[in-house]
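The file entry.txt comes next; it holds compact mmCIF, C-alpha atoms.
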# COMPACT_ATOMS: atom_id res chain seq x y z
CA MET A 1 0.00 0.00 0.00
CA ASN A 2 1.17 3.51 -0.80
CA TYR A 3 0.66 6.15 1.88
CA ASN A 4 -0.35 9.75 1.26
CA ILE A 5 -0.08 11.40 4.68
CA ARG A 6 -1.01 15.07 5.10
CA GLY A 7 -1.11 17.25 8.15
CA GLU A 8 -3.24 20.35 8.63
CA ASN A 9 -2.18 22.80 11.34
CA MET A 10 0.53 20.35 12.33
CA GLU A 11 3.79 18.88 11.10
CA VAL A 12 3.88 15.19 10.26
CA THR A 13 7.08 14.04 11.94
CA PRO A 14 8.97 10.96 10.71
CA SER A 15 8.06 9.08 13.91
CA LEU A 16 4.37 9.91 13.43
CA ARG A 17 4.59 8.83 9.76
CA ASP A 18 6.25 5.53 10.75
CA TYR A 19 3.60 4.90 13.41
CA VAL A 20 0.77 5.51 10.92
CA GLU A 21 2.33 3.20 8.31
CA LYS A 22 3.00 0.47 10.90
CA LYS A 23 -0.50 0.58 12.40
CA ILE A 24 -2.48 0.91 9.16
CA GLY A 25 -0.26 -1.73 7.57
CA LYS A 26 -1.79 -4.22 10.02
CA VAL A 27 -4.99 -4.32 7.94
CA GLU A 28 -3.04 -6.19 5.23
CA ARG A 29 -3.26 -9.36 7.33
CA TYR A 30 -6.98 -9.58 6.49
CA PHE A 31 -6.23 -10.09 2.78
CA ASP A 32 -4.75 -13.07 1.00
CA THR A 33 -2.56 -10.83 -1.13
CA PRO A 34 -1.45 -7.38 0.01
CA PRO A 35 -3.94 -4.89 -1.41
CA VAL A 36 -2.72 -2.49 -4.06
CA ALA A 37 -4.22 0.74 -2.77
CA GLU A 38 -3.43 4.36 -2.10
CA VAL A 39 -3.99 5.07 1.59
CA HIS A 40 -5.07 8.67 2.19
CA VAL A 41 -4.38 9.89 5.72
CA LYS A 42 -5.31 13.39 6.84
CA MET A 43 -4.27 14.51 10.31
CA HIS A 44 -5.60 17.72 11.78
CA SER A 45 -4.83 19.50 15.02
CA GLN A 46 -6.99 22.23 16.48
CA ASN A 47 -6.42 23.53 20.02
CA THR A 48 -6.16 20.38 22.15
CA GLN A 49 -8.16 18.15 19.81
CA ASN A 50 -6.42 15.97 17.20
CA SER A 51 -8.29 14.19 14.44
CA ILE A 52 -7.32 11.67 11.80
CA GLU A 53 -9.18 10.58 8.68
CA VAL A 54 -8.13 7.47 6.77
CA THR A 55 -9.52 6.47 3.37
CA ILE A 56 -8.45 3.29 1.58
CA PRO A 57 -10.19 2.97 -1.80
CA MET A 58 -9.99 -0.55 -3.21
CA SER A 59 -11.88 -2.30 -5.93
CA ARG A 60 -15.34 -3.22 -4.62
CA LEU A 61 -14.58 -1.92 -1.13
CA LEU A 62 -14.01 1.52 0.35
CA LEU A 63 -12.59 1.65 3.84
CA ARG A 64 -13.00 4.98 5.61
CA ALA A 65 -12.75 5.94 9.24
CA GLU A 66 -12.16 9.06 11.27
CA GLU A 67 -11.43 9.61 14.91
CA ASP A 68 -10.88 12.52 17.31
CA HIS A 69 -8.73 12.34 20.45
CA GLN A 70 -6.48 14.58 22.52
CA ASP A 71 -3.49 12.32 21.74
CA MET A 72 -2.73 11.75 18.04
CA TYR A 73 -1.21 8.31 18.67
CA ALA A 74 -4.38 7.20 20.50
CA ALA A 75 -6.49 8.57 17.61
CA ILE A 76 -4.41 6.47 15.18
CA ASP A 77 -5.00 3.34 17.28
CA LEU A 78 -8.75 4.01 17.42
CA VAL A 79 -9.05 4.63 13.67
CA VAL A 80 -7.22 1.35 12.93
CA GLU A 81 -9.70 -0.49 15.17
CA LYS A 82 -12.56 1.01 13.14
CA LEU A 83 -10.94 -0.06 9.85
CA GLU A 84 -10.41 -3.60 11.13
CA ARG A 85 -14.05 -3.75 12.27
CA GLN A 86 -15.19 -2.69 8.78
CA ILE A 87 -13.06 -5.38 7.12
CA ARG A 88 -14.28 -8.11 9.50
CA LYS A 89 -17.89 -7.05 8.94
CA HIS A 90 -17.44 -7.14 5.15
CA LYS A 91 -15.76 -10.57 5.21
CA THR A 92 -18.46 -11.95 7.53
CA LYS A 93 -21.17 -10.71 5.21
CA VAL A 94 -19.51 -12.28 2.16
CA ASN A 95 -18.89 -15.59 3.93
CA ARG A 96 -22.45 -15.69 5.30
CA LYS A 97 -23.85 -15.21 1.81
CA PHE A 98 -21.96 -18.20 0.48
CA ARG A 99 -22.66 -20.37 3.55
CA GLN A 100 -26.37 -19.85 2.96
CA SER A 101 -25.94 -21.05 -0.61
CA GLY A 102 -24.37 -24.32 0.62
CA THR A 103 -20.66 -23.76 0.01
CA LYS A 104 -18.03 -23.82 2.74
CA ASP A 105 -14.68 -22.26 3.50
CA VAL A 106 -15.11 -19.05 1.57
CA PHE A 107 -12.77 -16.09 1.56
CA LYS A 108 -12.51 -13.00 -0.53
CA ASN A 109 -9.39 -11.23 -1.66
CA GLU A 110 -9.21 -7.50 -2.30
CA MET A 111 -9.95 -7.85 -6.01
CA GLY A 112 -13.45 -9.13 -5.29
CA VAL A 113 -12.77 -12.71 -6.40
CA THR A 114 -14.21 -15.31 -4.08
CA GLN A 115 -12.50 -18.70 -3.92
CA LEU A 116 -14.51 -21.71 -2.90
CA GLU A 117 -13.12 -24.83 -1.24
CA ASN A 118 -13.33 -26.79 -4.50
CA GLY A 119 -10.93 -24.36 -6.20
CA TRP A 120 -13.55 -22.55 -8.27
CA THR A 121 -13.60 -18.80 -8.24
CA THR A 122 -16.52 -16.51 -8.76
CA ASP A 123 -16.82 -12.79 -9.24
CA GLU A 124 -19.49 -11.35 -6.98
CA ASN A 125 -21.61 -8.92 -9.00
CA GLU A 126 -24.47 -8.26 -6.62
CA SER A 127 -24.39 -6.79 -3.18
CA GLU A 128 -26.95 -7.68 -0.56
CA VAL A 129 -28.54 -4.80 1.30
CA ASP A 130 -30.94 -5.42 4.13
CA LEU A 131 -33.53 -2.63 3.97
CA VAL A 132 -35.62 -2.70 7.12
CA ARG A 133 -37.85 0.30 6.52
CA THR A 134 -39.12 2.44 3.65
CA LYS A 135 -40.60 5.88 4.15
CA ARG A 136 -42.53 8.00 1.69
CA PHE A 137 -43.38 11.64 2.18
CA ASN A 138 -44.15 14.82 0.26
CA LEU A 139 -41.20 17.11 -0.35
CA LYS A 140 -42.37 20.55 0.70
CA PRO A 141 -40.75 23.52 -1.03
CA MET A 142 -38.68 25.49 1.51
CA ASP A 143 -35.29 27.12 1.93
CA ALA A 144 -32.33 25.55 3.76
CA GLU A 145 -32.90 27.51 6.98
CA GLU A 146 -36.49 26.34 7.26
CA ALA A 147 -35.34 22.76 6.58
CA VAL A 148 -32.83 23.02 9.45
CA LEU A 149 -35.58 24.24 11.75
CA GLN A 150 -37.84 21.32 10.67
CA MET A 151 -34.98 18.85 11.23
CA ASP A 152 -34.30 20.21 14.73
CA MET A 153 -38.00 20.21 15.56
CA LEU A 154 -38.26 16.53 14.57
CA GLY A 155 -35.02 15.61 16.36
CA HIS A 156 -33.48 14.05 13.25
CA SER A 157 -29.88 14.26 12.07
CA PHE A 158 -30.88 14.97 8.44
CA PHE A 159 -33.87 16.31 6.52
CA VAL A 160 -34.84 15.91 2.84
CA PHE A 161 -36.67 18.82 1.20
CA SER A 162 -37.45 20.47 -2.11
CA ASN A 163 -35.51 23.70 -2.65
CA ALA A 164 -38.04 26.54 -3.08
CA VAL A 165 -35.65 28.50 -5.33
CA ASN A 166 -34.78 25.90 -7.98
CA GLY A 167 -37.05 22.91 -7.19
CA ASP A 168 -34.15 20.45 -6.68
CA THR A 169 -34.22 17.82 -3.96
CA ASN A 170 -31.74 18.76 -1.23
CA VAL A 171 -30.65 17.36 2.13
CA VAL A 172 -29.58 19.27 5.23
CA TYR A 173 -27.69 17.38 7.93
CA ARG A 174 -26.11 17.97 11.32
CA ARG A 175 -22.33 17.62 11.31
CA LYS A 176 -20.28 16.16 14.16
CA ASP A 177 -19.05 19.63 15.06
CA GLY A 178 -22.66 20.77 15.67
CA ARG A 179 -22.92 22.91 12.54
CA TYR A 180 -25.05 22.07 9.50
CA GLY A 181 -24.34 20.88 5.98
CA LEU A 182 -26.33 21.01 2.74
CA ILE A 183 -26.26 18.39 -0.01
CA GLU A 184 -27.34 19.56 -3.49
CA PRO A 185 -27.37 17.70 -6.82
CA GLU A 186 -24.76 18.70 -9.38
CA ALA A 187 -25.97 20.95 -12.17
Just give me the structure as structure tokens.
Amino acid sequence: MNYNIRGENMEVTPSLRDYVEKKIGKVERYFDTPPVAEVHVKMHSQNTQNSIEVTIPMSRLLLRAEEDHQDMYAAIDLVVEKLERQIRKHKTKVNRKFRQSGTKDVFKNEMGVTQLENGWTTDENESEVDLVRTKRFNLKPMDAEEAVLQMDMLGHSFFVFSNAVNGDTNVVYRRKDGRYGLIEPEA
């Protein structure tokens, strides 16, 4: 894996870089062959709070985790735990799917090829999503500020609405820092 490590409001020291590469390199043990991926690491320091964001785009799988902590080394450890949890969850889901179909001893490498115990390989084209609820509602035309007020009134973390100015479907959401974000479709 190639590492792209950036620091905002902080200097990425060689010891910090080595620690990141050593810790994130541990996720390679979950793959049969070392994944060929560009690991994007963004470290940010603001006052006494340090945060780290890690993104590992691979074919058929995107690993992404972020963590905040007062100690950057502790934040790195916590973000690696999140990445490992994501990988284990993905592998469990893939193995469960093939166990239900009657095959045993299934594993998946990072290229998306699943090898069965009899030596056959298959390329998984469909993903299984377990939708537990579907909601339908009218999109009322309003501006972003009114949508934020509606979202807060309902106690939700996001709110879908129709933009009164241009008629597009937009989403407002509450960010981790307590401020709000707006999602709009591209023109």
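Coordinates place CA of Tyr173 in chain A at a distance of 27.1 Å from CA of Arg60 in chain A.
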What is the distance, in Å and to one decimal place, between CA of Leu62 in chain A and CA of His90 in chain A?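 Between CA of Leu62 in chain A and CA of His90 in chain A the gap is 10.5 Å.
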Excluding Glu66 in chain A and any residue of its chain fewer than 2 positions from it, enumerate the residues within 10 Å of it, using only C-alpha atoms, and give them as a PDB file with C-alpha atoms, in the coordinates of the input.
ATOM      1  CA  VAL A  41      -4.380   9.890   5.720  1.00  0.00           C
ATOM      2  CA  LYS A  42      -5.310  13.390   6.840  1.00  0.00           C
ATOM      3  CA  MET A  43      -4.270  14.510  10.310  1.00  0.00           C
ATOM      4  CA  SER A  51      -8.290  14.190  14.440  1.00  0.00           C
ATOM      5  CA  ILE A  52      -7.320  11.670  11.800  1.00  0.00           C
ATOM      6  CA  GLU A  53      -9.180  10.580   8.680  1.00  0.00           C
ATOM      7  CA  VAL A  54      -8.130   7.470   6.770  1.00  0.00           C
ATOM      8  CA  THR A  55      -9.520   6.470   3.370  1.00  0.00           C
ATOM      9  CA  ARG A  64     -13.000   4.980   5.610  1.00  0.00           C
ATOM     10  CA  ASP A  68     -10.880  12.520  17.310  1.00  0.00           C
ATOM     11  CA  ALA A  75      -6.490   8.570  17.610  1.00  0.00           C
ATOM     12  CA  ILE A  76      -4.410   6.470  15.180  1.00  0.00           C
ATOM     13  CA  LEU A  78      -8.750   4.010  17.420  1.00  0.00           C
ATOM     14  CA  VAL A  79      -9.050   4.630  13.670  1.00  0.00           C
ATOM     15  CA  VAL A  80      -7.220   1.350  12.930  1.00  0.00           C
ATOM     16  CA  LYS A  82     -12.560   1.010  13.140  1.00  0.00           C
ATOM     17  CA  LEU A  83     -10.940  -0.060   9.850  1.00  0.00           C
TER      18      LEU A  83
END
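Proximity of A:Thr169, A:Asn95, A:Gln70, A:Thr33 to Gln46 in chain A, computed with only C-alpha atoms, is greatest for A:Gln70.
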Report, in Å with one decimal, the straight-line distance from CA of His44 in chain A to CA of Arg179 in chain A.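 CA of His44 in chain A sits 18.1 Å away from CA of Arg179 in chain A.
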Using all atoms listed in the file - which residues lie no farther than 12 Å from the point (-5.2, -3.7, 10.2) in the file's frame? Write them as a count of residues only. 29
Residues near Asn4 in chain A, anyone? I mean within 8 Å using all atoms listed in the file, not counting same-chain ones fewer than 4 positions away, as a list in words.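 The filter keeps Glu38, Val39, His40 and Val41 of chain A.
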Let me have the centre and edge lengths in Å, one decimal, of the box along x, y and z around every listed atom of range 26-31 of chain A with 4 Å of margin on each side, as JSON.
{"center_x": -4.4, "center_y": -7.2, "center_z": 6.4, "size_x": 13.2, "size_y": 13.9, "size_z": 15.2}
Once you count only C-alpha atoms, which residues end up no further than 10 Å from (-31.2, 25.3, 3.9) in the file's frame, shown as a VMD selection string? chain A and resid 142 to 149 159 161 to 164 170 to 173 180 to 183
Dump C-alpha atoms for the selected residues as a short mmCIF file (atom, residue, chain, number, x, y, z; two decimals), in the frame of the given file?
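Generated file (out00.cif):
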data_model
loop_
_atom_site.label_atom_id
_atom_site.label_comp_id
_atom_site.auth_asym_id
_atom_site.auth_seq_id
_atom_site.Cartn_x
_atom_site.Cartn_y
_atom_site.Cartn_z
CA MET A 142 -38.68 25.49 1.51
CA ASP A 143 -35.29 27.12 1.93
CA ALA A 144 -32.33 25.55 3.76
CA GLU A 145 -32.90 27.51 6.98
CA GLU A 146 -36.49 26.34 7.26
CA ALA A 147 -35.34 22.76 6.58
CA VAL A 148 -32.83 23.02 9.45
CA LEU A 149 -35.58 24.24 11.75
CA PHE A 159 -33.87 16.31 6.52
CA PHE A 161 -36.67 18.82 1.20
CA SER A 162 -37.45 20.47 -2.11
CA ASN A 163 -35.51 23.70 -2.65
CA ALA A 164 -38.04 26.54 -3.08
CA ASN A 170 -31.74 18.76 -1.23
CA VAL A 171 -30.65 17.36 2.13
CA VAL A 172 -29.58 19.27 5.23
CA TYR A 173 -27.69 17.38 7.93
CA TYR A 180 -25.05 22.07 9.50
CA GLY A 181 -24.34 20.88 5.98
CA LEU A 182 -26.33 21.01 2.74
CA ILE A 183 -26.26 18.39 -0.01
#
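Among the candidate residues A:Val165, A:Leu61, A:His69, A:Asn50, the one lying nearest to Lys91 in chain A is A:Leu61, with distances computed using all atoms listed in the file.
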